[in-house]
>>> print(open('protein_8.tsv').read())   # TSV, C-alpha atoms
chain	number	residue	atom	x	y	z
A	1	MET	CA	-26.38	-3.65	-10.92
A	2	ALA	CA	-23.37	-3.30	-8.57
A	3	LYS	CA	-20.95	-3.61	-11.48
A	4	GLY	CA	-22.73	-0.80	-13.25
A	5	LEU	CA	-22.66	1.30	-10.10
A	6	VAL	CA	-18.91	0.81	-9.70
A	7	PHE	CA	-18.39	1.77	-13.35
A	8	VAL	CA	-20.46	4.93	-12.95
A	9	VAL	CA	-18.58	5.91	-9.78
A	10	LEU	CA	-15.22	5.34	-11.51
A	11	SER	CA	-16.33	7.38	-14.51
A	12	LEU	CA	-17.44	10.24	-12.24
A	13	VAL	CA	-14.16	10.15	-10.34
A	14	ILE	CA	-12.13	10.23	-13.54
A	15	GLY	CA	-14.25	13.10	-14.83
A	16	ILE	CA	-13.71	15.08	-11.64
A	17	LEU	CA	-9.97	14.55	-11.88
A	18	GLN	CA	-9.44	15.45	-15.52
A	19	SER	CA	-8.74	19.11	-14.83
A	20	ALA	CA	-6.84	18.48	-11.60
A	21	ASN	CA	-4.58	15.73	-12.89
A	22	ALA	CA	-2.86	18.01	-15.35
A	23	GLU	CA	-1.56	19.92	-12.32
A	24	VAL	CA	-0.03	16.85	-10.62
A	25	PRO	CA	3.59	16.77	-11.78
A	26	ALA	CA	4.57	13.50	-10.09
A	27	ILE	CA	3.58	10.82	-7.60
A	28	PHE	CA	5.89	9.20	-5.09
A	29	ILE	CA	4.76	5.94	-3.49
A	30	LEU	CA	6.18	4.46	-0.30
A	31	GLY	CA	5.03	1.36	1.52
A	32	ASP	CA	4.78	-2.42	1.50
A	33	SER	CA	3.34	-5.13	-0.75
A	34	THR	CA	0.03	-3.30	-1.19
A	35	SER	CA	1.91	-0.84	-3.40
A	36	ASP	CA	5.13	-2.67	-4.43
A	37	VAL	CA	5.41	-2.99	-8.21
A	38	GLY	CA	8.63	-5.00	-8.31
A	39	THR	CA	11.17	-3.51	-5.90
A	40	ASN	CA	12.09	-6.84	-4.34
A	41	ASN	CA	12.96	-8.25	-7.76
A	42	TYR	CA	16.10	-6.14	-7.49
A	43	LEU	CA	17.14	-7.47	-4.07
A	44	PRO	CA	19.33	-10.50	-4.87
A	45	GLY	CA	18.79	-12.20	-1.52
A	46	SER	CA	15.09	-11.51	-1.10
A	47	ILE	CA	12.65	-14.40	-0.85
A	48	ILE	CA	9.66	-12.05	-0.54
A	49	ARG	CA	8.89	-11.90	-4.25
A	50	ALA	CA	6.00	-12.37	-6.64
A	51	ASN	CA	7.77	-12.34	-10.02
A	52	PHE	CA	6.47	-15.77	-10.99
A	53	PRO	CA	3.08	-17.30	-11.96
A	54	HIS	CA	0.28	-17.37	-11.09
A	55	ASN	CA	0.94	-13.78	-10.04
A	56	GLY	CA	0.21	-11.41	-12.90
A	57	ILE	CA	-2.16	-13.81	-14.64
A	58	ASP	CA	-4.44	-10.87	-15.53
A	59	PHE	CA	-1.64	-8.34	-16.11
A	60	PRO	CA	-1.00	-7.45	-19.78
A	61	PHE	CA	0.60	-10.49	-21.47
A	62	ALA	CA	0.09	-12.42	-18.18
A	63	ARG	CA	3.40	-11.00	-16.94
A	64	ALA	CA	4.46	-11.59	-13.33
A	65	THR	CA	5.97	-8.20	-12.51
A	66	GLY	CA	6.56	-8.60	-8.78
A	67	ARG	CA	3.12	-7.34	-7.79
A	68	PHE	CA	1.41	-9.55	-5.22
A	69	SER	CA	-1.73	-9.59	-7.35
A	70	ASN	CA	-3.36	-11.28	-10.29
A	71	GLY	CA	-2.96	-7.95	-12.10
A	72	LEU	CA	-2.64	-4.35	-10.98
A	73	ASN	CA	-2.49	-3.31	-7.34
A	74	THR	CA	-3.79	-0.33	-5.38
A	75	ALA	CA	-0.77	1.82	-6.25
A	76	ASP	CA	-1.51	1.33	-9.95
A	77	PHE	CA	-5.15	2.32	-9.64
A	78	LEU	CA	-4.34	5.34	-7.47
A	79	ALA	CA	-1.84	6.39	-10.14
A	80	LYS	CA	-4.40	5.86	-12.92
A	81	LEU	CA	-6.90	8.02	-11.07
A	82	SER	CA	-4.17	10.66	-10.75
A	83	GLY	CA	-3.77	10.75	-14.54
A	84	PHE	CA	-0.97	8.24	-15.00
A	85	LYS	CA	-0.88	5.00	-16.99
A	86	ARG	CA	-0.09	3.01	-13.83
A	87	SER	CA	2.33	3.24	-10.92
A	88	PRO	CA	5.68	4.87	-11.70
A	89	PRO	CA	8.69	2.49	-11.85
A	90	THR	CA	10.54	1.26	-8.81
A	91	PHE	CA	13.51	3.24	-7.53
A	92	LEU	CA	15.85	0.26	-7.85
A	93	SER	CA	14.96	-0.18	-11.54
A	94	LEU	CA	16.00	3.35	-12.48
A	95	ASN	CA	19.36	4.48	-13.79
A	96	GLY	CA	19.89	7.16	-11.17
A	97	THR	CA	20.01	10.79	-12.23
A	98	SER	CA	19.50	10.05	-15.94
A	99	ALA	CA	15.91	8.92	-15.30
A	100	ILE	CA	15.13	12.11	-13.38
A	101	LYS	CA	16.57	14.27	-16.17
A	102	LYS	CA	14.03	12.91	-18.65
A	103	ARG	CA	11.12	15.17	-19.50
A	104	SER	CA	8.85	12.18	-18.94
A	105	PHE	CA	9.88	11.85	-15.28
A	106	ARG	CA	6.71	11.81	-13.19
A	107	GLY	CA	7.57	9.97	-10.02
A	108	ILE	CA	8.99	6.85	-8.41
A	109	ASN	CA	7.67	3.89	-6.45
A	110	PHE	CA	9.84	3.01	-3.43
A	111	SER	CA	7.51	0.41	-1.89
A	112	SER	CA	8.92	-2.95	-0.86
A	113	ALA	CA	6.84	-6.04	-0.09
A	114	GLY	CA	7.27	-7.29	3.46
A	115	SER	CA	8.66	-4.00	4.71
A	116	GLY	CA	7.54	-1.97	7.69
A	117	LEU	CA	8.09	1.10	9.78
A	118	LEU	CA	10.62	-0.85	11.82
A	119	ASP	CA	13.96	-1.54	10.14
A	120	THR	CA	13.78	-5.15	11.33
A	121	THR	CA	10.33	-5.91	9.89
A	122	GLY	CA	10.52	-8.29	6.95
A	123	GLN	CA	14.23	-8.95	7.36
A	124	THR	CA	13.39	-12.14	9.20
A	125	THR	CA	10.37	-14.37	8.72
A	126	LEU	CA	8.51	-13.74	11.98
A	127	THR	CA	5.22	-13.12	10.21
A	128	LEU	CA	5.51	-16.32	8.22
A	129	LYS	CA	7.28	-18.51	10.76
A	130	LYS	CA	4.41	-20.98	10.92
A	131	LEU	CA	4.55	-21.46	7.16
A	132	PHE	CA	8.24	-21.46	6.37
A	133	SER	CA	11.65	-21.88	7.97
A	134	TRP	CA	13.79	-19.60	5.81
A	135	THR	CA	17.00	-18.23	7.27
A	136	GLN	CA	17.53	-14.59	8.16
A	137	GLN	CA	18.66	-12.43	5.24
A	138	LYS	CA	18.17	-9.05	3.57
A	139	ASN	CA	14.65	-9.32	2.22
A	140	VAL	CA	13.12	-5.86	2.00
A	141	VAL	CA	13.67	-2.10	1.85
A	142	PRO	CA	12.30	-0.72	5.15
A	143	MET	CA	10.48	2.60	5.34
A	144	GLY	CA	13.51	4.44	6.68
A	145	GLU	CA	15.58	3.33	3.72
A	146	GLN	CA	12.77	4.24	1.31
A	147	VAL	CA	12.80	7.78	2.72
A	148	TYR	CA	16.59	7.85	2.32
A	149	GLN	CA	16.18	6.77	-1.31
A	150	PHE	CA	13.78	9.65	-1.81
A	151	SER	CA	16.37	12.02	-0.31
A	152	THR	CA	18.78	11.04	-3.10
A	153	VAL	CA	16.07	11.84	-5.64
A	154	TYR	CA	15.54	15.18	-3.89
A	155	ASN	CA	19.25	15.97	-4.21
A	156	ASP	CA	19.17	15.05	-7.90
A	157	LEU	CA	16.16	17.31	-8.43
A	158	LEU	CA	17.97	20.16	-6.70
A	159	ALA	CA	20.95	19.71	-9.00
A	160	ILE	CA	18.77	19.57	-12.12
A	161	LYS	CA	15.96	22.04	-11.38
A	162	GLY	CA	17.41	24.28	-8.68
A	163	PRO	CA	15.87	24.99	-5.23
A	164	SER	CA	12.88	27.10	-6.29
A	165	GLU	CA	11.66	24.80	-9.06
A	166	THR	CA	12.25	21.71	-6.93
A	167	GLU	CA	10.20	23.15	-4.09
A	168	LYS	CA	7.31	23.93	-6.46
A	169	PHE	CA	7.55	20.52	-8.15
A	170	LEU	CA	7.43	18.55	-4.90
A	171	SER	CA	4.81	20.73	-3.21
A	172	GLU	CA	2.40	19.94	-6.06
A	173	SER	CA	3.30	16.24	-6.23
A	174	LEU	CA	1.36	13.51	-4.42
A	175	PHE	CA	2.94	11.23	-1.81
A	176	TYR	CA	1.07	7.97	-1.27
A	177	ILE	CA	2.00	5.88	1.78
A	178	SER	CA	0.67	2.45	2.78
A	179	ILE	CA	2.62	0.70	5.54
A	180	GLY	CA	2.34	-0.80	9.02
A	181	SER	CA	0.59	-4.13	8.45
A	182	ASN	CA	3.78	-6.18	8.53
A	183	ASP	CA	4.94	-4.52	11.75
A	184	ILE	CA	1.69	-5.44	13.48
A	185	LEU	CA	1.63	-8.98	12.09
A	186	GLY	CA	5.29	-9.51	12.91
A	187	ASN	CA	4.94	-8.42	16.50
A	188	TYR	CA	1.72	-10.38	17.03
A	189	HIS	CA	3.28	-13.64	15.81
A	190	SER	CA	6.67	-13.16	17.48
A	191	ASN	CA	7.79	-15.37	20.36
A	192	ASN	CA	7.90	-12.36	22.68
A	193	PRO	CA	5.36	-9.84	21.41
A	194	ILE	CA	5.51	-6.30	22.78
A	195	PRO	CA	2.20	-5.35	24.43
A	196	LYS	CA	0.06	-3.42	21.95
A	197	GLU	CA	-0.32	-0.56	24.44
A	198	GLN	CA	3.42	0.01	24.05
A	199	PHE	CA	3.99	-1.24	20.50
A	200	LEU	CA	1.39	0.82	18.62
A	201	PRO	CA	2.41	4.22	20.08
A	202	ASN	CA	6.03	3.39	19.22
A	203	LEU	CA	4.97	2.64	15.63
A	204	GLY	CA	3.20	5.99	15.59
A	205	LEU	CA	6.39	7.76	16.65
A	206	LEU	CA	8.29	6.04	13.85
A	207	TYR	CA	5.61	7.05	11.34
A	208	GLU	CA	5.92	10.64	12.56
A	209	LYS	CA	9.70	10.56	12.17
A	210	HIS	CA	9.43	9.35	8.56
A	211	LEU	CA	6.75	11.91	7.70
A	212	ARG	CA	8.79	14.74	9.19
A	213	ASN	CA	11.76	13.66	7.12
A	214	LEU	CA	9.63	13.72	3.97
A	215	ILE	CA	8.27	17.14	4.90
A	216	SER	CA	11.82	18.44	5.34
A	217	LEU	CA	12.50	17.21	1.79
A	218	GLY	CA	9.58	19.14	0.30
A	219	ALA	CA	6.61	16.76	0.51
A	220	ARG	CA	3.34	18.62	1.14
A	221	LYS	CA	0.47	16.41	-0.11
A	222	PHE	CA	0.05	13.07	1.63
A	223	GLY	CA	-2.37	10.29	0.74
A	224	ILE	CA	-2.14	7.93	3.71
A	225	VAL	CA	-3.69	4.45	3.56
A	226	SER	CA	-4.08	2.99	7.05
A	227	VAL	CA	-3.51	-0.63	8.06
A	228	PRO	CA	-6.40	-2.83	6.86
A	229	PRO	CA	-8.16	-5.41	9.06
A	230	VAL	CA	-5.30	-7.88	8.71
A	231	GLY	CA	-7.12	-10.33	10.95
A	232	CYS	CA	-9.50	-11.00	8.05
A	233	CYS	CA	-6.73	-12.14	5.69
A	234	PRO	CA	-7.09	-15.84	4.85
A	235	SER	CA	-3.68	-16.44	6.48
A	236	GLN	CA	-5.05	-15.22	9.81
A	237	ARG	CA	-8.52	-16.74	9.54
A	238	ILE	CA	-7.00	-20.22	9.65
A	239	TYR	CA	-5.90	-19.58	13.26
A	240	THR	CA	-9.45	-19.06	14.56
A	241	GLY	CA	-10.61	-22.60	13.83
A	242	ASN	CA	-13.90	-21.53	12.26
A	243	GLY	CA	-12.68	-19.27	9.46
A	244	ASP	CA	-13.74	-16.06	11.19
A	245	CYS	CA	-11.53	-12.99	11.34
A	246	LEU	CA	-8.84	-12.82	14.01
A	247	GLU	CA	-10.38	-9.88	15.83
A	248	GLU	CA	-7.43	-9.18	18.10
A	249	LEU	CA	-5.41	-8.17	15.03
A	250	ASN	CA	-8.30	-6.09	13.68
A	251	ASP	CA	-8.51	-4.25	17.00
A	252	GLN	CA	-4.84	-3.33	16.62
A	253	ALA	CA	-5.50	-2.06	13.10
A	254	ARG	CA	-8.34	0.12	14.42
A	255	ALA	CA	-6.17	1.43	17.24
A	256	PHE	CA	-3.37	2.27	14.83
A	257	PHE	CA	-5.79	4.16	12.61
A	258	SER	CA	-6.64	6.33	15.62
A	259	THR	CA	-2.92	6.87	16.18
A	260	LEU	CA	-2.49	7.99	12.57
A	261	ASP	CA	-5.55	10.21	12.73
A	262	THR	CA	-4.14	12.07	15.73
A	263	LEU	CA	-0.69	12.24	14.13
A	264	MET	CA	-1.96	13.77	10.89
A	265	ARG	CA	-4.16	16.28	12.72
A	266	ASN	CA	-1.17	17.41	14.77
A	267	LEU	CA	1.18	17.65	11.79
A	268	SER	CA	-1.31	19.64	9.73
A	269	SER	CA	-1.69	22.08	12.64
A	270	GLU	CA	2.07	22.46	12.92
A	271	TYR	CA	2.71	22.73	9.18
A	272	LYS	CA	0.03	25.00	7.74
A	273	ASP	CA	0.84	24.13	4.11
A	274	ILE	CA	0.37	20.39	4.59
A	275	LYS	CA	-2.63	18.72	2.94
A	276	TYR	CA	-3.58	15.12	3.62
A	277	SER	CA	-6.14	12.40	3.10
A	278	LEU	CA	-6.31	9.48	5.52
A	279	GLY	CA	-7.98	6.35	4.23
A	280	ASN	CA	-9.65	4.13	6.80
A	281	SER	CA	-8.84	0.70	5.39
A	282	VAL	CA	-10.58	-1.08	8.25
A	283	GLU	CA	-13.94	0.57	7.49
A	284	MET	CA	-13.46	0.14	3.75
A	285	THR	CA	-12.67	-3.58	3.96
A	286	ILE	CA	-15.20	-4.53	6.63
A	287	ASN	CA	-17.88	-2.81	4.55
A	288	VAL	CA	-17.06	-5.16	1.68
A	289	ILE	CA	-16.82	-8.25	3.88
A	290	GLU	CA	-20.22	-7.55	5.45
A	291	ASN	CA	-21.87	-6.71	2.11
A	292	PRO	CA	-20.08	-8.90	-0.45
A	293	LEU	CA	-22.92	-9.24	-2.98
A	294	LYS	CA	-23.25	-5.46	-3.18
A	295	PHE	CA	-19.75	-5.44	-4.68
A	296	ASN	CA	-20.15	-8.64	-6.74
A	297	TYR	CA	-17.97	-10.79	-4.49
A	298	THR	CA	-18.91	-14.40	-3.90
A	299	ASP	CA	-15.94	-15.21	-1.64
A	300	VAL	CA	-14.39	-12.85	0.92
A	301	LYS	CA	-12.64	-15.51	3.03
A	302	THR	CA	-10.69	-17.78	0.71
A	303	ALA	CA	-7.55	-16.93	-1.23
A	304	CYS	CA	-7.98	-17.28	-4.97
A	305	CYS	CA	-4.45	-18.69	-5.32
A	306	GLY	CA	-2.82	-21.01	-2.80
A	307	ASN	CA	-3.20	-24.39	-1.14
A	308	GLY	CA	-4.68	-25.94	2.00
A	309	THR	CA	-7.37	-24.55	4.28
A	310	LEU	CA	-8.89	-21.42	2.72
A	311	ASN	CA	-6.07	-21.71	0.16
A	312	ALA	CA	-4.08	-19.94	2.88
A	313	GLU	CA	-1.46	-22.47	3.95
A	314	ALA	CA	0.94	-21.68	1.10
A	315	PHE	CA	1.83	-18.78	-1.14
A	316	CYS	CA	0.68	-18.40	-4.72
A	317	THR	CA	3.20	-20.36	-6.80
A	318	PRO	CA	3.11	-21.93	-10.27
A	319	THR	CA	1.88	-25.19	-8.71
A	320	ALA	CA	-0.78	-23.63	-6.46
A	321	ASN	CA	-4.53	-23.88	-6.94
A	322	VAL	CA	-5.91	-20.82	-8.74
A	323	CYS	CA	-9.55	-19.79	-9.11
A	324	SER	CA	-11.04	-18.87	-12.48
A	325	ASN	CA	-13.56	-16.27	-11.24
A	326	ARG	CA	-10.92	-13.96	-9.83
A	327	HIS	CA	-13.10	-10.85	-10.05
A	328	GLU	CA	-15.45	-12.43	-7.50
A	329	TYR	CA	-12.75	-12.92	-4.85
A	330	LEU	CA	-11.64	-10.33	-2.30
A	331	PHE	CA	-8.27	-12.03	-1.72
A	332	TRP	CA	-5.75	-13.03	-4.35
A	333	ASP	CA	-3.43	-14.93	-2.01
A	334	LEU	CA	-3.16	-15.53	1.72
A	335	PHE	CA	-2.44	-11.83	2.42
A	336	HIS	CA	-3.19	-9.66	-0.61
A	337	PRO	CA	-6.29	-8.38	-2.43
A	338	THR	CA	-7.25	-9.24	-5.97
A	339	GLN	CA	-6.99	-6.71	-8.78
A	340	ALA	CA	-10.75	-6.16	-8.49
A	341	ALA	CA	-10.45	-5.41	-4.76
A	342	SER	CA	-7.50	-3.08	-5.33
A	343	LYS	CA	-9.50	-1.17	-7.92
A	344	LEU	CA	-12.45	-0.82	-5.56
A	345	ALA	CA	-10.15	0.42	-2.79
A	346	ALA	CA	-8.64	3.07	-5.06
A	347	ILE	CA	-12.09	4.25	-6.19
A	348	THR	CA	-13.20	4.54	-2.57
A	349	LEU	CA	-10.07	6.46	-1.57
A	350	TYR	CA	-10.58	8.89	-4.44
A	351	GLY	CA	-14.27	9.52	-4.27
A	352	GLY	CA	-15.24	8.13	-0.89
A	353	GLU	CA	-17.27	9.71	1.88
A	354	PRO	CA	-15.70	10.82	5.21
A	355	ARG	CA	-16.52	7.46	6.76
A	356	PHE	CA	-13.83	5.96	4.53
A	357	VAL	CA	-11.42	8.83	3.86
A	358	ALA	CA	-10.99	12.17	5.68
A	359	PRO	CA	-10.70	15.12	6.09
A	360	ILE	CA	-10.73	15.20	2.27
A	361	ASN	CA	-10.65	12.34	-0.23
A	362	PHE	CA	-7.78	11.71	-2.62
A	363	SER	CA	-9.57	13.50	-5.46
A	364	GLN	CA	-9.80	16.66	-3.37
A	365	LEU	CA	-6.16	16.19	-2.33
A	366	ALA	CA	-5.13	16.22	-5.97
A	367	GLU	CA	-6.98	19.52	-6.44
A	368	ALA	CA	-5.75	21.11	-3.20
>>> encode(input="protein_8.tsv", output="structure tokens")
Amino acid sequence: MAKGLVFVVLSLVIGILQSANAEVPAIFILGDSTSDVGTNNYLPGSIIRANFPHNGIDFPFARATGRFSNGLNTADFLAKLSGFKRSPPTFLSLNGTSAIKKRSFRGINFSSAGSGLLDTTGQTTLTLKKLFSWTQQKNVVPMGEQVYQFSTVYNDLLAIKGPSETEKFLSESLFYISIGSNDILGNYHSNNPIPKEQFLPNLGLLYEKHLRNLISLGARKFGIVSVPPVGCCPSQRIYTGNGDCLEELNDQARAFFSTLDTLMRNLSSEYKDIKYSLGNSVEMTINVIENPLKFNYTDVKTACCGNGTLNAEAFCTPTANVCSNRHEYLFWDLFHPTQAASKLAAITLYGGEPRFVAPINFSQLAEA
């Protein structure tokens, strides 16, 4: 019954978007591993990668693309619902200006697994220090650098299209952003964590800085995905002793959502031509965890791929345990959702009620 319901909802969402999608010239995606489609494959020194089995086991031809998933991730499904085949390619995979000159150019994915709002997030292994002892090295592309990469694309567009056409092109394009989880996890697990009362507002100021930079470069439509309840990841459940969620982390995710909500309200008041959708990932995920059978999940605690307690004491590698009923799991590995969960998240963001996404959903953002 629930499977049929999800199919009907997806069909309705796609139907609603058919006329609007033709008007979306491009999508630009910034963020972390929830939307990375292979950026870190192009960072020679990075150890935060997923371009090996069992990752990608359900991707076409069972190809491990660098997505931290058994198949597609949320960025792919958001792109599909926006009228694209899947997420656009990563910035680092493109051949500069020549890719932008192509008539088929319809966006870029800048997301980098392990990255954060802070330049330092992901460059060391604070978040994973209890699992690994890797040395410090360049691992990720932080949000500030992703915005800089977009600025080079903006300059290329100016040179190719001219100012007027570039402004129109970008004002009608969609900018999807999903970041902040790694900052919160990294600070929480650091040897000297900054008090959340100080840390979260500082993260909000950084988010504002990055958004203002994007606005100055022509971005006008923002689909923001807030930090999920990271305390419910299998990797964090193992710290509670009984497999429950680490609620202190979830409280920080909720507080940061409130920070983002205030930020977006203020920006939209200041910039009258800004449109945005803010997805409440905490509400979305907790709704699934509390009602798993409604969404055809039989396990919302254990990682499908991994080893040890809750399969959460090691990453998904070719030698890890891997479940066969992947569509019934919420989590693919110790941090990331399965393809099925990513699809459900995208459907909710696109057609969801205000409890999950406001002031408009992503479908209405595409039409705005």
>>> atom_distance(input="protein_8.tsv", atom1="CA of Phe335 (chain A)", atom2="CA of Phe199 (chain A)")
21.9 Å
>>> axis_aligned_box(input="protein_8.tsv", around="region 112-117 of chain A", padding_each_side="8 Å", output="JSON")
{"center_x": 7.9, "center_y": -3.1, "center_z": 4.5, "size_x": 18.1, "size_y": 24.4, "size_z": 26.6}
>>> residues_near_point(input="protein_8.tsv", point="(15.5, 12.9, -0.4)", cutoff="10 Å", atoms="all atoms listed in the file", output="count of residues only")
20
>>> residues_around(input="protein_8.tsv", residues="Leu78 (chain A)", least_positions_apart="2", cutoff="10 Å", atoms="all atoms listed in the file", output="MDAnalysis selection string")
chainID A and resid 27 29 35 73:76 80:84 86:87 176 223 342:343 345:347 349:350 362:363
>>> atom_distance(input="protein_8.tsv", atom1="CA of Ser268 (chain A)", atom2="CA of Arg212 (chain A)")
11.2 Å
>>> decode(input="protein_8.tsv", residues="region 64-75 of chain A", atoms="N, CA, C and O atoms", output="JSON list (two decimals), in the first residue's frame")
[["chain", "number", "residue", "atom", "x", "y", "z"],
["A", 64, "ALA", "N", 30.48, 2.29, -9.18],
["A", 64, "ALA", "CA", 30.76, 3.13, -8.02],
["A", 64, "ALA", "C", 31.26, 4.47, -8.53],
["A", 64, "ALA", "O", 32.40, 4.60, -8.97],
["A", 65, "THR", "N", 30.40, 5.47, -8.48],
["A", 65, "THR", "CA", 30.68, 6.77, -9.10],
["A", 65, "THR", "C", 31.32, 7.78, -8.17],
["A", 65, "THR", "O", 31.79, 8.83, -8.61],
["A", 66, "GLY", "N", 31.33, 7.49, -6.87],
["A", 66, "GLY", "CA", 31.75, 8.46, -5.87],
["A", 66, "GLY", "C", 30.60, 8.91, -5.01],
["A", 66, "GLY", "O", 30.79, 9.64, -4.03],
["A", 67, "ARG", "N", 29.39, 8.49, -5.36],
["A", 67, "ARG", "CA", 28.22, 8.77, -4.51],
["A", 67, "ARG", "C", 28.27, 7.87, -3.28],
["A", 67, "ARG", "O", 28.50, 6.67, -3.40],
["A", 68, "PHE", "N", 28.00, 8.45, -2.11],
["A", 68, "PHE", "CA", 27.93, 7.65, -0.89],
["A", 68, "PHE", "C", 26.52, 7.07, -0.81],
["A", 68, "PHE", "O", 25.68, 7.49, -0.01],
["A", 69, "SER", "N", 26.28, 6.08, -1.64],
["A", 69, "SER", "CA", 24.94, 5.50, -1.80],
["A", 69, "SER", "C", 25.06, 4.17, -2.52],
["A", 69, "SER", "O", 26.05, 3.90, -3.20],
["A", 70, "ASN", "N", 24.01, 3.36, -2.39],
["A", 70, "ASN", "CA", 23.95, 2.14, -3.19],
["A", 70, "ASN", "C", 23.53, 2.45, -4.62],
["A", 70, "ASN", "O", 23.64, 1.60, -5.50],
["A", 71, "GLY", "N", 23.06, 3.69, -4.86],
["A", 71, "GLY", "CA", 22.65, 4.08, -6.22],
["A", 71, "GLY", "C", 22.71, 5.58, -6.36],
["A", 71, "GLY", "O", 23.75, 6.20, -6.21],
["A", 72, "LEU", "N", 21.55, 6.17, -6.64],
["A", 72, "LEU", "CA", 21.45, 7.63, -6.77],
["A", 72, "LEU", "C", 21.33, 8.27, -5.40],
["A", 72, "LEU", "O", 20.95, 7.63, -4.43],
["A", 73, "ASN", "N", 21.66, 9.56, -5.33],
["A", 73, "ASN", "CA", 21.49, 10.28, -4.07],
["A", 73, "ASN", "C", 20.43, 11.38, -4.21],
["A", 73, "ASN", "O", 19.78, 11.50, -5.25],
["A", 74, "THR", "N", 20.26, 12.17, -3.18],
["A", 74, "THR", "CA", 19.20, 13.17, -3.17],
["A", 74, "THR", "C", 19.36, 14.19, -4.30],
["A", 74, "THR", "O", 18.38, 14.62, -4.90],
["A", 75, "ALA", "N", 20.61, 14.57, -4.58],
["A", 75, "ALA", "CA", 20.85, 15.53, -5.67],
["A", 75, "ALA", "C", 20.33, 14.99, -7.00],
["A", 75, "ALA", "O", 19.76, 15.73, -7.81]]
